[in-house]
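Peer 1: Sharing data26.cif (mmCIF, C-alpha atoms) below.
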data_upload
#
loop_
_atom_site.label_atom_id
_atom_site.label_comp_id
_atom_site.auth_asym_id
_atom_site.auth_seq_id
_atom_site.Cartn_x
_atom_site.Cartn_y
_atom_site.Cartn_z
CA MET A 1 2.94 0.03 -14.73
CA GLY A 2 3.61 -2.85 -17.09
CA THR A 3 7.03 -3.66 -18.50
CA GLY A 4 5.61 -3.75 -22.01
CA GLU A 5 4.50 -0.13 -21.84
CA ILE A 6 7.87 1.55 -21.25
CA GLN A 7 11.58 1.18 -21.78
CA LEU A 8 13.39 0.60 -18.50
CA ASP A 9 15.15 3.72 -17.30
CA ALA A 10 18.69 3.71 -15.94
CA ASP A 11 17.66 3.24 -12.30
CA GLN A 12 15.35 0.38 -13.20
CA VAL A 13 18.05 -1.33 -15.26
CA ARG A 14 20.46 -1.04 -12.34
CA ALA A 15 17.88 -2.46 -9.91
CA VAL A 16 17.09 -5.38 -12.24
CA SER A 17 20.80 -6.17 -12.46
CA ARG A 18 21.30 -6.11 -8.70
CA LEU A 19 18.24 -8.28 -8.08
CA GLY A 20 19.58 -10.74 -10.64
CA GLU A 21 22.56 -11.31 -8.36
CA LEU A 22 20.23 -12.94 -5.81
CA VAL A 23 19.60 -15.98 -8.05
CA ASP A 24 21.83 -18.41 -9.92
CA ARG A 25 21.71 -19.15 -13.65
CA ARG A 26 18.71 -21.42 -13.14
CA GLY A 27 16.81 -18.74 -11.28
CA ARG A 28 17.22 -20.40 -7.87
CA PRO A 29 17.89 -18.24 -4.79
CA VAL A 30 21.57 -17.97 -3.94
CA ARG A 31 22.41 -18.62 -0.32
CA ARG A 32 23.49 -15.23 0.97
CA HIS A 33 22.80 -13.13 4.01
CA ARG A 34 22.36 -9.72 2.38
CA GLY A 35 19.20 -8.66 0.62
CA ILE A 36 18.16 -5.51 -1.25
CA TYR A 37 16.30 -2.39 -0.15
CA LEU A 38 14.84 -0.50 -3.15
CA HIS A 39 13.65 3.01 -2.41
CA GLY A 40 12.39 5.97 -4.41
CA GLY A 41 9.42 8.16 -5.14
CA PRO A 42 5.96 6.88 -6.09
CA GLY A 43 5.44 5.42 -9.54
CA ARG A 44 9.12 4.89 -10.35
CA GLY A 45 8.74 1.16 -11.00
CA LYS A 46 9.91 -0.37 -7.72
CA THR A 47 7.02 -2.81 -7.47
CA MET A 48 7.19 -3.66 -11.17
CA VAL A 49 10.90 -4.46 -10.94
CA MET A 50 10.50 -6.51 -7.76
CA ASP A 51 7.49 -8.42 -9.07
CA ARG A 52 9.24 -9.24 -12.33
CA PHE A 53 12.21 -10.56 -10.35
CA PHE A 54 9.94 -12.53 -8.00
CA ALA A 55 8.06 -14.16 -10.89
CA GLY A 56 11.35 -15.33 -12.38
CA VAL A 57 12.63 -17.02 -9.21
CA ALA A 58 12.53 -20.79 -9.78
CA SER A 59 11.61 -21.87 -6.27
CA ASP A 60 8.53 -22.51 -4.17
CA ARG A 61 10.45 -21.28 -1.14
CA LYS A 62 9.62 -17.65 -1.88
CA ARG A 63 6.99 -15.32 -0.43
CA ARG A 64 5.74 -11.93 -1.56
CA PHE A 65 3.67 -9.62 0.66
CA HIS A 66 2.32 -6.12 0.62
CA PHE A 67 3.59 -4.76 3.91
CA HIS A 68 0.13 -3.68 5.13
CA GLN A 69 -1.19 -7.21 4.68
CA PHE A 70 1.84 -8.89 6.21
CA PHE A 71 1.75 -6.61 9.22
CA VAL A 72 -1.94 -7.35 9.82
CA ARG A 73 -1.21 -11.08 9.71
CA LEU A 74 1.88 -10.65 11.90
CA HIS A 75 -0.16 -8.88 14.59
CA ALA A 76 -2.71 -11.70 14.60
CA ALA A 77 -0.10 -14.48 14.62
CA ALA A 78 1.96 -12.83 17.36
CA HIS A 79 -1.15 -12.38 19.49
CA ALA A 80 -2.13 -16.02 18.98
CA SER A 81 1.31 -17.48 19.65
CA GLY A 82 2.72 -14.94 22.10
CA SER A 83 5.99 -14.89 20.16
CA ILE A 84 7.33 -12.90 17.22
CA ASP A 85 9.67 -15.75 16.28
CA LYS A 86 6.77 -18.21 16.17
CA ALA A 87 4.61 -15.73 14.25
CA VAL A 88 7.33 -15.18 11.62
CA ALA A 89 7.86 -18.94 11.33
CA ALA A 90 4.14 -19.52 10.87
CA LEU A 91 3.85 -16.87 8.15
CA LEU A 92 7.02 -17.72 6.22
CA GLY A 93 7.41 -21.47 6.66
CA ASP A 94 10.59 -22.60 4.92
CA ALA A 95 10.94 -19.49 2.75
CA ARG A 96 14.44 -18.55 1.65
CA LEU A 97 13.35 -15.40 -0.21
CA VAL A 98 10.86 -12.83 1.15
CA CYS A 99 9.71 -9.72 -0.75
CA PHE A 100 7.96 -6.82 0.99
CA ASP A 101 6.24 -4.13 -1.09
CA GLU A 102 5.72 -0.62 0.32
CA PHE A 103 7.72 -1.05 3.53
CA HIS A 104 7.18 1.91 5.84
CA VAL A 105 7.30 2.87 9.51
CA HIS A 106 5.21 5.76 10.80
CA ASP A 107 4.07 4.74 14.29
CA ILE A 108 6.34 4.14 17.29
CA GLY A 109 4.25 1.19 18.46
CA ASP A 110 4.52 -0.43 15.03
CA ALA A 111 8.22 0.43 14.95
CA MET A 112 8.96 -1.73 17.97
CA LEU A 113 7.15 -4.71 16.46
CA ILE A 114 8.85 -4.15 13.09
CA ALA A 115 12.24 -4.09 14.83
CA ARG A 116 11.55 -7.47 16.45
CA MET A 117 10.22 -8.84 13.16
CA LEU A 118 13.35 -7.80 11.26
CA ASP A 119 15.58 -9.33 13.93
CA ALA A 120 13.67 -12.62 13.53
CA LEU A 121 14.03 -12.47 9.73
CA PHE A 122 17.74 -11.71 9.81
CA LYS A 123 18.31 -14.48 12.37
CA ARG A 124 16.64 -16.95 9.99
CA GLN A 125 19.07 -15.82 7.26
CA VAL A 126 16.19 -15.17 4.88
CA THR A 127 17.09 -13.15 1.80
CA LEU A 128 14.93 -10.04 2.03
CA VAL A 129 13.90 -7.72 -0.81
CA VAL A 130 12.09 -4.53 0.18
CA THR A 131 10.52 -1.66 -1.76
CA SER A 132 9.82 1.63 -0.02
CA ASN A 133 9.16 5.29 -0.67
CA TYR A 134 11.64 5.99 2.11
CA ALA A 135 15.40 5.56 2.32
CA PRO A 136 16.27 3.67 5.52
CA ALA A 137 17.43 6.87 7.22
CA GLU A 138 13.97 8.42 6.57
CA LEU A 139 11.95 5.67 8.27
CA LEU A 140 9.88 6.75 11.30
CA PRO A 141 10.42 10.41 10.39
CA ASN A 142 8.64 11.80 13.46
CA PRO A 143 11.45 13.68 15.27
CA LEU A 144 9.99 12.70 18.65
CA PHE A 145 10.63 9.02 17.97
CA HIS A 146 13.13 8.75 15.13
CA GLU A 147 16.19 8.25 17.34
CA HIS A 148 14.54 5.21 18.93
CA PHE A 149 14.50 3.53 15.53
CA LEU A 150 18.13 4.27 14.67
CA PRO A 151 19.41 0.87 15.90
CA THR A 152 16.91 -0.85 13.60
CA ILE A 153 17.93 1.37 10.68
CA ALA A 154 21.53 0.32 11.36
CA ARG A 155 20.50 -3.35 11.24
CA ILE A 156 18.67 -2.76 7.95
CA THR A 157 21.72 -1.22 6.31
CA ALA A 158 23.96 -3.93 7.78
CA ASN A 159 21.86 -6.68 6.20
CA LEU A 160 20.51 -5.10 3.01
CA ASP A 161 22.15 -3.33 0.08
CA VAL A 162 20.38 0.02 -0.30
CA ILE A 163 19.60 0.95 -3.92
CA SER A 164 17.89 4.11 -5.10
CA LEU A 165 15.26 3.63 -7.80
CA ASP A 166 14.14 7.20 -8.20
CA GLY A 167 14.09 8.23 -11.86
CA PRO A 168 12.58 11.55 -12.97
CA VAL A 169 9.20 10.15 -14.13
CA ASP A 170 6.16 9.00 -12.15
CA TYR A 171 4.96 6.49 -14.73
CA ARG A 172 1.47 6.32 -13.25
CA THR A 173 0.89 9.88 -14.44
CA ARG A 174 1.41 8.57 -17.97
CA ALA A 175 -1.15 5.80 -17.58
CA ASP A 176 -3.99 5.43 -20.05
CA ARG A 177 -6.86 7.33 -18.41
CA THR A 178 -9.61 5.21 -19.98
CA SER A 179 -10.85 2.06 -18.22
CA ARG A 180 -11.67 0.20 -21.45
CA GLY A 181 -10.21 -3.30 -21.35
CA ARG A 182 -8.68 -2.79 -17.91
CA THR A 183 -9.35 -4.91 -14.84
CA GLY A 184 -8.91 -4.68 -11.10
CA PHE A 185 -7.85 -1.38 -9.55
CA ALA A 186 -7.06 0.18 -12.93
CA ALA A 187 -10.65 -0.42 -14.10
CA GLY A 188 -11.90 2.10 -11.52
CA ARG A 189 -12.82 5.73 -12.02
CA TYR A 190 -12.18 9.06 -10.35
CA LEU A 191 -15.37 11.11 -10.65
CA VAL A 192 -15.85 14.71 -9.61
CA ASP A 193 -19.28 15.35 -8.11
CA PRO A 194 -19.79 19.12 -7.92
CA PRO A 195 -22.30 20.31 -5.30
CA ASP A 196 -25.75 21.39 -6.40
CA GLN A 197 -27.38 24.70 -5.43
CA SER A 198 -28.10 23.33 -1.96
CA GLY A 199 -24.38 22.75 -1.47
CA GLN A 200 -24.74 18.99 -1.19
CA PRO A 201 -22.62 16.66 -3.28
CA PRO A 202 -24.75 14.44 -5.54
CA ALA A 203 -23.66 11.36 -3.62
CA LEU A 204 -25.58 12.58 -0.56
CA ARG A 205 -28.77 13.99 -2.10
CA GLY A 206 -31.78 12.27 -0.65
CA GLY A 207 -29.70 9.92 1.53
CA SER A 208 -30.06 9.28 5.24
CA ASN A 209 -28.71 6.97 7.92
CA ARG A 210 -32.03 5.11 7.80
CA ASP A 211 -31.06 3.89 4.35
CA ALA A 212 -27.60 2.75 5.45
CA VAL A 213 -26.46 -0.85 5.42
CA ARG A 214 -24.61 -2.07 8.49
CA ILE A 215 -21.34 -3.83 7.63
CA ARG A 216 -19.84 -5.85 10.43
CA ILE A 217 -16.08 -5.50 10.76
CA GLY A 218 -14.55 -7.15 13.81
CA PRO A 219 -16.54 -6.13 16.91
CA ARG A 220 -17.91 -2.99 15.22
CA HIS A 221 -20.17 -1.96 12.35
CA LEU A 222 -19.67 0.50 9.52
CA LEU A 223 -22.56 2.27 7.85
CA ALA A 224 -22.41 1.79 4.08
CA ARG A 225 -24.68 3.21 1.40
CA SER A 226 -25.01 -0.21 -0.19
CA ALA A 227 -23.41 -3.64 -0.14
CA THR A 228 -23.86 -6.71 -2.30
CA ASP A 229 -21.88 -9.93 -2.60
CA THR A 230 -19.46 -8.17 -4.94
CA ALA A 231 -19.68 -4.40 -4.39
CA LEU A 232 -19.45 -1.92 -1.53
CA THR A 233 -20.45 1.75 -1.67
CA ILE A 234 -19.50 3.78 1.39
CA GLU A 235 -19.06 7.45 2.15
CA PHE A 236 -15.63 8.80 2.99
CA ALA A 237 -16.66 9.99 6.46
CA ALA A 238 -18.19 6.62 7.35
CA LEU A 239 -15.02 4.78 6.34
CA CYS A 240 -12.21 7.19 7.25
CA GLY A 241 -13.87 9.35 9.90
CA THR A 242 -14.14 6.42 12.30
CA PRO A 243 -11.26 4.53 13.99
CA THR A 244 -10.79 1.96 11.25
CA ALA A 245 -7.39 0.40 10.58
CA ALA A 246 -5.47 -1.40 7.87
CA ALA A 247 -6.66 -4.75 9.24
CA ASP A 248 -10.25 -3.65 8.60
CA TYR A 249 -9.47 -2.65 5.02
CA VAL A 250 -7.72 -5.95 4.36
CA GLU A 251 -10.77 -7.86 5.61
CA LEU A 252 -13.19 -5.74 3.59
CA ALA A 253 -11.04 -6.03 0.46
CA GLN A 254 -11.32 -9.81 0.72
CA ARG A 255 -15.12 -9.53 0.88
CA PHE A 256 -15.79 -6.92 -1.83
CA PRO A 257 -14.09 -6.97 -5.27
CA ARG A 258 -15.60 -3.61 -6.30
CA TRP A 259 -15.59 -0.43 -4.21
CA THR A 260 -17.05 3.06 -4.42
CA ILE A 261 -15.91 5.64 -1.87
CA ALA A 262 -18.27 8.61 -2.11
CA ASP A 263 -18.18 12.25 -1.04
CA VAL A 264 -14.40 12.47 -0.71
CA PRO A 265 -13.51 16.05 0.23
CA PRO A 266 -10.22 17.87 -0.38
CA LEU A 267 -8.02 16.15 2.17
CA ARG A 268 -6.66 19.39 3.60
CA ALA A 269 -10.20 19.99 4.92
CA VAL A 270 -10.27 16.90 7.15
CA PRO A 271 -8.20 15.85 10.18
CA PRO A 272 -4.86 14.24 9.31
CA ASP A 273 -5.93 10.86 10.71
CA TRP A 274 -8.88 10.79 8.29
CA ALA A 275 -6.56 11.52 5.37
CA MET A 276 -4.09 8.87 6.57
CA ARG A 277 -6.87 6.26 6.65
CA PHE A 278 -7.73 7.15 3.06
CA VAL A 279 -4.09 6.66 2.09
CA ASN A 280 -4.13 3.26 3.81
CA VAL A 281 -7.37 2.02 2.27
CA VAL A 282 -6.20 2.97 -1.23
CA ASP A 283 -2.92 1.16 -0.55
CA VAL A 284 -4.79 -2.00 0.45
CA LEU A 285 -7.17 -1.88 -2.52
CA TYR A 286 -4.30 -1.20 -4.92
CA ASP A 287 -2.31 -4.17 -3.73
CA ALA A 288 -5.39 -6.43 -3.63
CA ASP A 289 -6.21 -5.20 -7.17
CA ARG A 290 -9.78 -4.30 -6.24
CA GLU A 291 -11.72 -2.03 -8.55
CA LEU A 292 -12.10 1.40 -6.96
CA THR A 293 -14.33 4.29 -7.92
CA VAL A 294 -13.73 7.54 -6.06
CA ARG A 295 -16.52 10.11 -6.08
CA ALA A 296 -14.82 13.32 -4.99
CA ARG A 297 -15.76 16.94 -4.51
CA ALA A 298 -12.67 18.19 -6.36
CA PRO A 299 -10.28 17.14 -9.14
CA LEU A 300 -7.39 14.92 -8.14
CA ALA A 301 -4.83 17.74 -8.06
CA ASP A 302 -6.99 19.67 -5.61
CA LEU A 303 -7.76 16.56 -3.56
CA VAL A 304 -4.19 16.41 -2.23
CA ASP A 305 -3.17 20.07 -2.57
CA GLY A 306 -2.10 21.72 0.66
CA VAL A 307 -2.15 18.55 2.75
CA ARG A 308 0.37 18.72 5.58
CA GLY A 309 1.51 16.15 8.11
CA VAL A 310 0.17 13.11 6.26
CA PRO A 311 2.83 10.56 5.20
CA ASP A 312 2.58 8.97 1.76
CA ILE A 313 0.19 11.55 0.31
CA ALA A 314 2.31 11.59 -2.87
CA ARG A 315 1.86 7.82 -3.24
CA LEU A 316 -1.90 8.24 -2.88
CA ALA A 317 -1.99 10.82 -5.68
CA SER A 318 0.22 8.65 -7.87
CA ARG A 319 -1.98 5.59 -7.44
CA LEU A 320 -5.21 7.48 -8.07
CA CYS A 321 -3.68 8.64 -11.37
CA GLU A 322 -4.26 5.10 -12.64
CA LEU A 323 -8.03 5.59 -12.44
CA SER A 324 -10.00 6.97 -15.37
CA GLN A 325 -10.71 10.59 -14.56
CA PHE A 326 -13.75 12.67 -15.42
CA ALA A 327 -14.17 16.39 -14.87
CA THR A 328 -17.78 15.77 -13.89
CA ALA A 329 -19.55 12.56 -13.00
CA PRO A 330 -21.19 11.00 -16.06
CA VAL A 331 -24.91 10.47 -15.85
CA GLY A 332 -25.80 6.87 -15.00
#
Please express the file's structure as structure tokens.
Peer 2:
Amino acid sequence: MGTGEIQLDADQVRAVSRLGELVDRRGRPVRRHRGIYLHGGPGRGKTMVMDRFFAGVASDRKRRFHFHQFFVRLHAAAHASGSIDKAVAALLGDARLVCFDEFHVHDIGDAMLIARMLDALFKRQVTLVVTSNYAPAELLPNPLFHEHFLPTIARITANLDVISLDGPVDYRTRADRTSRGRTGFAAGRYLVDPPDQSGQPPALRGGSNRDAVRIRIGPRHLLARSATDTALTIEFAALCGTPTAAADYVELAQRFPRWTIADVPPLRAVPPDWAMRFVNVVDVLYDADRELTVRARAPLADLVDGVRGVPDIARLASRLCELSQFATAPVG
């Protein structure tokens, strides 16, 4: 969502004003211990507001990360150094301002590492700006583990001013649905491939594993339909039906600027972990601004309808709204 396309709504104006308090008149970060935690529903402009603020900060001591990517790098750095403090220092250097986009906590194992990471950040007195679809009290919503994260939630609210940016409009649903003149993620398409009389989606007709291309990712391989220096075409089951992780998607996004994920079924028809991987891969491709074409068996509304137990499914639907959508796949 670009700032030139809409008038800022009241929540966005309030968020812009509060972020402006983090810098002086010359745009330099003000030395202060408290940061800002922006939360609200998908498509409300959190990332746009944060990125506009970040671009205007007149300092090279600033860092901006998508949380998926930062967490992948944090895992690797912590493993290499044996210390969260050293890992944070290696990733942030002398940064005085750090911005995290799409902060979330769903897994208890990740929650413990995130807690230690936040402690290291707060100890360094870094000014932190966070966007999230979750208010702090809603982080790690699993009732089996939520109480274990309450001390970290308390530290978040003690160090960050919590601001709701949750206007009534998901602006991605108002996006131009044509890809003409658009680049990156927004240049992609959402195509519906209805099954033929045999019941097979067009993406699979005539295909076989013998035709697959083996893509090495870490110690494993994925089977893709095709891969070139610039483009990857892979079936949903091959990508999301195997134990892939955000780190894999980050690595693949660096290798392939253009993606096609084929034969995507209604997500209620697959196990929740498959659907969660699809959410994660779209998150990574969106933030990396990689062109994505989704070839699905159903329109977007039906893709996510009836899905239960999968966090961030609303954000997935919102982001896919930015793709050009066709009722049926165009020939060629």
Peer 1: Pick the closest to Val98 in chain A from A:Ile234, A:Ala115, A:Ala253, A:Val130: which is it, counting all atoms listed in the file?
Peer 2: A:Val130
Peer 1: Measure the distance from CA of Gln7 in chain A to CA of Leu165 in chain A in Å and round it to one decimal.
Peer 2: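 It comes out at 14.7 Å.
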Peer 1: Please evaluate the PyMOL selection byres ((chain A and resi 152) around 10) against the displayed coordinates and give the resulting residues as number ranges by chain.
Peer 2: A: 111-112, 114-116, 118-119, 136, 139, 147-151, 153-158
Peer 1: So the first atom is CA of Arg295 in chain A and the second is CA of Thr233 in chain A; what is the distance between them in Å, to one decimal place?
Peer 2: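 Separation of CA of Arg295 in chain A and CA of Thr233 in chain A: 10.2 Å.
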Peer 1: Residues at most 12 Å from Val282 in chain A, counting only C-alpha atoms, excluding those fewer than 5 positions away in the same chain, as a PyMOL selection string?
Peer 2: chain A and resi 68+185+188+236+239-240+246+249-250+253+259-261+275-277+287-294+312-313+315-323
Peer 1: Could you please determine the separation between CA of Tyr134 in chain A and CA of Ser164 in chain A in Å, to one decimal place?
Peer 2: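 The value is 9.7 Å.
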Peer 1: For Gln69 in chain A, which residue out of A:Ala231, A:Ala247, A:Leu113, A:Val57 is the nearest one, using all atoms listed in the file?
Peer 2: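 With all atoms listed in the file as the atom set, the closest residue is A:Ala247.
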Peer 1: Using all atoms listed in the file, which of A:Arg308, A:Arg14, A:Arg96, A:His104 sits nearest Gly35 in chain A?
Peer 2: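 Going through A:Arg308, A:Arg14, A:Arg96, A:His104 one by one, the smallest distance to Gly35 in chain A is for A:Arg96.
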Peer 1: Pull out every residue that the PyMOL selection byres ((chain A and resi 30) around 12) matches in the shown coordinates and put them as a list in words.
Peer 2: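 That expression, the PyMOL selection byres ((chain A and resi 30) around 12), corresponds here to Leu19, Gly20, Glu21, Leu22, Val23, Asp24, Arg25, Arg26, Gly27, Arg28, Pro29, Arg31, Arg32, His33, Arg34, Gly35, Val57, Ala58, Ser59, Arg61, Arg96, Leu97, Gln125, Val126, Thr127 and Leu128 of chain A.
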Peer 1: Counting all atoms listed in the file, find residues at most 9 Å from (-15.3, 0.2, 7.3) (file frame) and give them as a ChimeraX atom specification.
Peer 2: /A:215-217,220-224,234,238-240,242-245,248-249,252
Peer 1: Just so the selection is clear, what residues does the PyMOL selection byres ((chain A and resi 305) around 8) cover here, as JSON, numbers by chain?
Peer 2: {"A": [266, 267, 268, 301, 302, 303, 304, 306, 307]}
Peer 1: Of the candidates A:Arg255, A:Arg64, A:Lys123, A:His106, which shows the shortest atom-to-atom distance to Val310 in chain A, using all atoms listed in the file?
Peer 2: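 Closest candidate: A:His106.
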Peer 1: Of the candidates A:Leu191, A:Ala237, A:Ala95, A:Ala269, which shows the shortest atom-to-atom distance to Gln325 in chain A, using all atoms listed in the file?
Peer 2: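 Smallest separation from Gln325 in chain A among the options: A:Leu191.
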Peer 1: Please determine, counting all atoms listed in the file, which residue among A:Gly218, A:Pro257, A:Asp85, A:Val49 has the shortest atom-to-atom distance to Leu8 in chain A.
Peer 2: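 Comparing A:Gly218, A:Pro257, A:Asp85, A:Val49 against Leu8 in chain A, the winner is A:Val49.
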